[in-house]
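As structure tokens, the structure follows; a few thoughts come after it.
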Amino acid sequence: MSMVQLLQTKAPTAPAKPRPRVRLLPYLLSLPALLICIAILVPFVTAAVYSLQRYRLNLPYLRGFIGAGNYIDFLSDPAFWNTLRISITYTVLTVVLELLLGLAIALLLRRPTRFHNAVSIMLLLPLMTAPAIAALMWKLMTNPSFGILSYFVSLLGVSDFKWASDPSTALFTVVLVDVWVYTPFIMILLLAGLRSLPRQPFEAAALDGVPASFVFFRITLPMLAPYIITASLFRLLDSIQQFDIIYAMTQGGPGDRLMVFQVQAYLEFFQYTNVGRSAALLMILWLITNILSNIFIKNWLRLRERAHGHA
Amino acid sequence: MEHSSLAGRIFRGVALTLILIFFMFPIVWIFLMSFQTNEQILRIPPRILFEPTLANYTALISGQLHTAAGNLEISFMRNLFNSVVLSSAAVMLALVLGVPAAYAFARFKFRLGETIAFTLLSFRFAPPLLVLLPLSLYYQELGLNDTYFGIVWVYQLIALPLILWIVRGYFEDISPDIEHAYRLAGHSWREAFTRIAVPLAGPGIAAAGLLSFIFCWNNFVFALILASADKQPVTVGALAFVTASGIQYGQIAAAIVLSVTPTLLLALYAQRYLVEGLSLGAVKG
């Protein structure tokens with residue numbers, strides 16, 4: 001029965017008044033979501049408290065409040081500065097490479113031909129591979145004794161290229177895996193953005209014979225900017241917290257070469273059972289991501305409103 | 001605006017070929033490797049043509065690995081089973097809890113709703129370990145450590161925000177007038193919700209469900225911290241398997257293939273929703 005028929009057969013007798021029950025309803029319906037919020041916020045506050053304590057699982061009797069002690073210790077701790085440096089390097093490298101490559105691919109696939117659509121669907125596959133599993137795939141391919149990539153490199157005359165197990169190439173290797181997994185993310189966001197751009201400015205530019213580079217830098221890029229910013233912030237926030245790829249590949253090694261924030265915090269907690277230090281490390285990471293995500297959320301809401309056409 | 005010069009077309013063709021090789025090669029190569037014996041894998045130079053064997057898969061499925069060093073028990077099928085159970089249960093729970101909440105957020109403007117929506121969104125970007133590490137201590141006290149229930153519960157941190165934000169967008173796109181008309185015809189809000197709003201938002205709900213399934217399946221760190229061997233999903237199980245089996249490269253490749261096949265098939269099936277889902281509905285694809 002269609003809506004129209006429905007309305008015709010059941011003529012309203014009286015306009016329905018909002019009953020008090022309805023006022024409670026939204027709260028009732030959002031109860032589960034509220035519970036999840038609590039389930040997030042309680043451990044979060046706990047972590048904040050732990051970060052102010054001397055708290056080691058193996059030495060429970062030493063537990064006590066030490067204020068900013070854990071944080072102050074970081075200032076003079078080369079391991080902390082190493083973590084900060086590696087995390088930032090990893091993030092900058094992955095986001096810049098993925099943005100450039102993702103933008104290039106999106107531009108190549110811009111016209112919605114059947115072939116281009118097929119390619120963009122195929123490129124989804126790395127993104128849908130679990131990052132930890134992706135790391136294992138690359139581990140098999142870069143194995144020094146039989147890895148196909150080690151073989152290719154040896155054909156180029158470079159023998160003894162040790163990929164993730166060599167401190168000088170470990171970062172390059174995990175960045176490569178990250179680029180493999182996440183470039184498609186930027187690509188599909190930018191492709192959706194490119195295809196949603198209005199046609200008129202491009203048609204006008206074509207009529208006037210404006211050079212392609214001018215069109216790209218003065219029309220395409222500025223109009224695409226909100227999409228580029230949203231996609232990069234998405235990646236920036238995930239990248240600075242990368243755990244899966246690095247942990248599955250080298251567990252932060254060789255040595256401390258890949259000790260990014262979350263890997264370091266994980267090892268502090270489970271290997272050195274130093275809960276306080278681990279929590280403080282994660283609080284610093286949270287502070288960084290919180291600043292970034294506030295910028296991100298503002299941007300994202302604006303884009304979302306625009307995509308939905310109305311507020 | 002398209003380069004149609006010959007040089008331009010050649011350049012585009014070469015570029016696309018290189019891109020396809022880079023992104024597809026690892027998947028194809030591991031797939032081929034999973035049908036090879038260890039001797040074939042270790043051969044240098046590697047060969048594209050080989051006599052395929054199913055031995056790696058039969059070893060994984062039977063759970064018995066015969067090596068020169070003796071018999072090795074593999075529990076990889078158990079990991080696969082865990083992944084199916086954990087991801088499906090988590091998504092079902094998230095749909096039951098999340099769809100009505102998304103409806104409330106879309107239809108009723110109330111302050112608590114906005115606060116919840118934004119808390120969930122901002123924690124989507126918080127470091128997962130920040131929540132997980134204290135939670136693991138709580139779980140130990142509550143006896144939830146290493147239980148399916150406990151893991152399904154934390155998977156809500158992944159699935160619920162995704163469902164809330166995507167489905168909310170779909171509900172917002174449906175004009176409330178239809179529901180008002182239906183309500184005026186004497187139906188309760190619940191009928192309006194189940195007979196009008198949910199069917200109309202159906203594609204969005206399906207997309208959000210599929211995406212949350214993929215993300216739960218692909219998750220690594222939650223189960224790494226909260227589950228021991230017999231509750232671990234494939235992501236953690238595959239890593240443990242690599243450590244335990246050492247040099248059984250063929251089986252490792254087969255385990256990888258089995259781990260990624262479900263999500264890759266789902267992704268292909270749901271590809272038209274992925275753009276939207278991945279950007280939490282910010283870009284309508």
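Here, A, B, ... name the chains of the structure tokens in the order displayed, residue numbers run from 1 inside each chain, and ligands are numbered from 1 in the same displayed order.
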
| said: Applying 9 Å and only C-alpha atoms, which residues near Pro161 of chain B remain after dropping the ones on its own chain fewer than 3 positions away? List them as a PyMOL selection string. | reply: (chain A and resi 33) or (chain B and resi 94+98+117+120-121+124+156-158+164-166)

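Candidate residues A:Asn82, A:Thr89, A:Leu292, A:Ala132 were compared for distance to Pro233 of chain B, and the nearest is A:Ala132, using only C-alpha atoms.
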
| Excluding same-chain residues fewer than 2 positions from Phe261 of chain A, what lies within 9 Å of it counting only C-alpha atoms, as a list of chain:residue names? | A:Phe80, A:Thr83, A:Leu84, A:Ile86, A:Ser87, A:Ile240, A:Gln241, A:Gln242, A:Phe243, A:Met259, A:Val263, A:Gln264, A:Ala265, A:Tyr266, A:Leu281, A:Leu282, A:Leu285

Let's have the selection written as a JSON list (two decimals), in the first residue's frame, with N, CA and C atoms.
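Ended up saving to out-v1.json:
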```json
[["chain", "number", "residue", "atom", "x", "y", "z"],
["A", 80, "PHE", "N", 62.40, 8.90, 24.82],
["A", 80, "PHE", "CA", 61.18, 9.63, 24.51],
["A", 80, "PHE", "C", 61.36, 10.48, 23.26],
["A", 83, "THR", "N", 61.24, 8.45, 20.25],
["A", 83, "THR", "CA", 59.86, 8.09, 19.91],
["A", 83, "THR", "C", 59.16, 9.24, 19.19],
["A", 84, "LEU", "N", 59.31, 10.43, 19.73],
["A", 84, "LEU", "CA", 58.67, 11.61, 19.12],
["A", 84, "LEU", "C", 59.19, 11.83, 17.70],
["A", 86, "ILE", "N", 60.69, 9.63, 15.63],
["A", 86, "ILE", "CA", 60.31, 8.56, 14.70],
["A", 86, "ILE", "C", 58.84, 8.70, 14.32],
["A", 87, "SER", "N", 57.99, 8.99, 15.32],
["A", 87, "SER", "CA", 56.56, 9.11, 15.04],
["A", 87, "SER", "C", 56.30, 10.23, 14.03],
["A", 240, "ILE", "N", 49.96, 8.92, 12.88],
["A", 240, "ILE", "CA", 50.77, 9.20, 14.06],
["A", 240, "ILE", "C", 50.52, 8.15, 15.15],
["A", 241, "GLN", "N", 49.43, 7.41, 15.00],
["A", 241, "GLN", "CA", 49.12, 6.35, 15.97],
["A", 241, "GLN", "C", 49.40, 4.97, 15.41],
["A", 242, "GLN", "N", 50.10, 4.88, 14.29],
["A", 242, "GLN", "CA", 50.28, 3.58, 13.65],
["A", 242, "GLN", "C", 50.86, 2.56, 14.63],
["A", 243, "PHE", "N", 50.22, 1.41, 14.66],
["A", 243, "PHE", "CA", 50.68, 0.32, 15.54],
["A", 243, "PHE", "C", 50.80, -0.98, 14.76],
["A", 259, "MET", "N", 60.39, 2.77, 17.09],
["A", 259, "MET", "CA", 59.61, 2.91, 18.32],
["A", 259, "MET", "C", 58.67, 4.10, 18.24],
["A", 263, "VAL", "N", 53.65, 1.75, 19.89],
["A", 263, "VAL", "CA", 54.47, 0.56, 20.07],
["A", 263, "VAL", "C", 55.27, 0.69, 21.36],
["A", 264, "GLN", "N", 55.85, 1.87, 21.56],
["A", 264, "GLN", "CA", 56.61, 2.13, 22.78],
["A", 264, "GLN", "C", 55.72, 1.97, 24.02],
["A", 265, "ALA", "N", 54.51, 2.54, 23.96],
["A", 265, "ALA", "CA", 53.59, 2.46, 25.10],
["A", 265, "ALA", "C", 53.19, 1.01, 25.37],
["A", 266, "TYR", "N", 52.99, 0.25, 24.31],
["A", 266, "TYR", "CA", 52.63, -1.16, 24.45],
["A", 266, "TYR", "C", 53.75, -1.92, 25.15],
["A", 281, "LEU", "N", 52.90, 8.42, 28.24],
["A", 281, "LEU", "CA", 53.24, 8.45, 26.82],
["A", 281, "LEU", "C", 51.98, 8.57, 25.97],
["A", 282, "LEU", "N", 50.96, 7.80, 26.34],
["A", 282, "LEU", "CA", 49.71, 7.82, 25.57],
["A", 282, "LEU", "C", 48.95, 9.13, 25.75],
["A", 285, "LEU", "N", 50.45, 11.53, 23.36],
["A", 285, "LEU", "CA", 49.95, 11.23, 22.02],
["A", 285, "LEU", "C", 48.51, 11.71, 21.87]]
```

Excluding segment 186-198 of chain A and residues on its chain fewer than 4 positions from it, collect all residues at most 7 Å away from it, counting only C-alpha atoms, and give them as a tab-separated table (two decimals) with N, CA and C atoms, in the first residue's frame.
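As a result, selection-v4.tsv now contains:
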```
chain	number	residue	atom	x	y	z
A	98	GLU	N	51.48	9.53	0.41
A	98	GLU	CA	50.14	9.03	0.07
A	98	GLU	C	49.31	10.13	-0.57
A	99	LEU	N	49.50	11.36	-0.12
A	99	LEU	CA	48.73	12.46	-0.69
A	99	LEU	C	49.14	12.68	-2.15
A	102	GLY	N	48.12	9.54	-4.16
A	102	GLY	CA	46.66	9.43	-4.20
A	102	GLY	C	46.05	10.47	-5.12
A	103	LEU	N	46.59	11.70	-5.05
A	103	LEU	CA	46.09	12.76	-5.93
A	103	LEU	C	46.38	12.44	-7.38
A	105	ILE	N	46.79	9.51	-8.77
A	105	ILE	CA	45.93	8.42	-9.25
A	105	ILE	C	44.51	8.92	-9.47
A	106	ALA	N	44.02	9.74	-8.53
A	106	ALA	CA	42.65	10.26	-8.68
A	106	ALA	C	42.53	11.07	-9.97
A	110	ARG	N	40.09	10.22	-13.29
A	110	ARG	CA	39.02	11.19	-13.13
A	110	ARG	C	37.81	10.94	-14.02
A	224	LEU	N	39.40	21.54	-4.87
A	224	LEU	CA	39.56	20.24	-4.23
A	224	LEU	C	40.07	20.36	-2.79
A	227	TYR	N	38.57	18.66	0.30
A	227	TYR	CA	38.69	17.20	0.27
A	227	TYR	C	40.12	16.79	0.61
A	228	ILE	N	41.09	17.54	0.07
A	228	ILE	CA	42.49	17.22	0.35
A	228	ILE	C	42.77	17.37	1.84
A	231	ALA	N	41.02	14.48	3.79
A	231	ALA	CA	41.71	13.21	3.59
A	231	ALA	C	43.05	13.19	4.32
B	275	VAL	N	33.18	4.47	-0.26
B	275	VAL	CA	33.68	5.85	-0.24
B	275	VAL	C	32.98	6.62	0.87
B	283	VAL	N	31.73	12.48	2.18
B	283	VAL	CA	31.76	12.61	0.74
B	283	VAL	C	30.73	11.66	0.18
B	285	GLY	N	29.53	9.49	-2.46
B	285	GLY	CA	30.15	8.95	-3.68
B	285	GLY	C	29.18	8.75	-4.81
```

| task | Using only C-alpha atoms, find the one residue out of A:Leu108, A:Ala135, A:Ala225, A:Ile246 that sits nearest to Phe11 of chain B. | result | A:Leu108
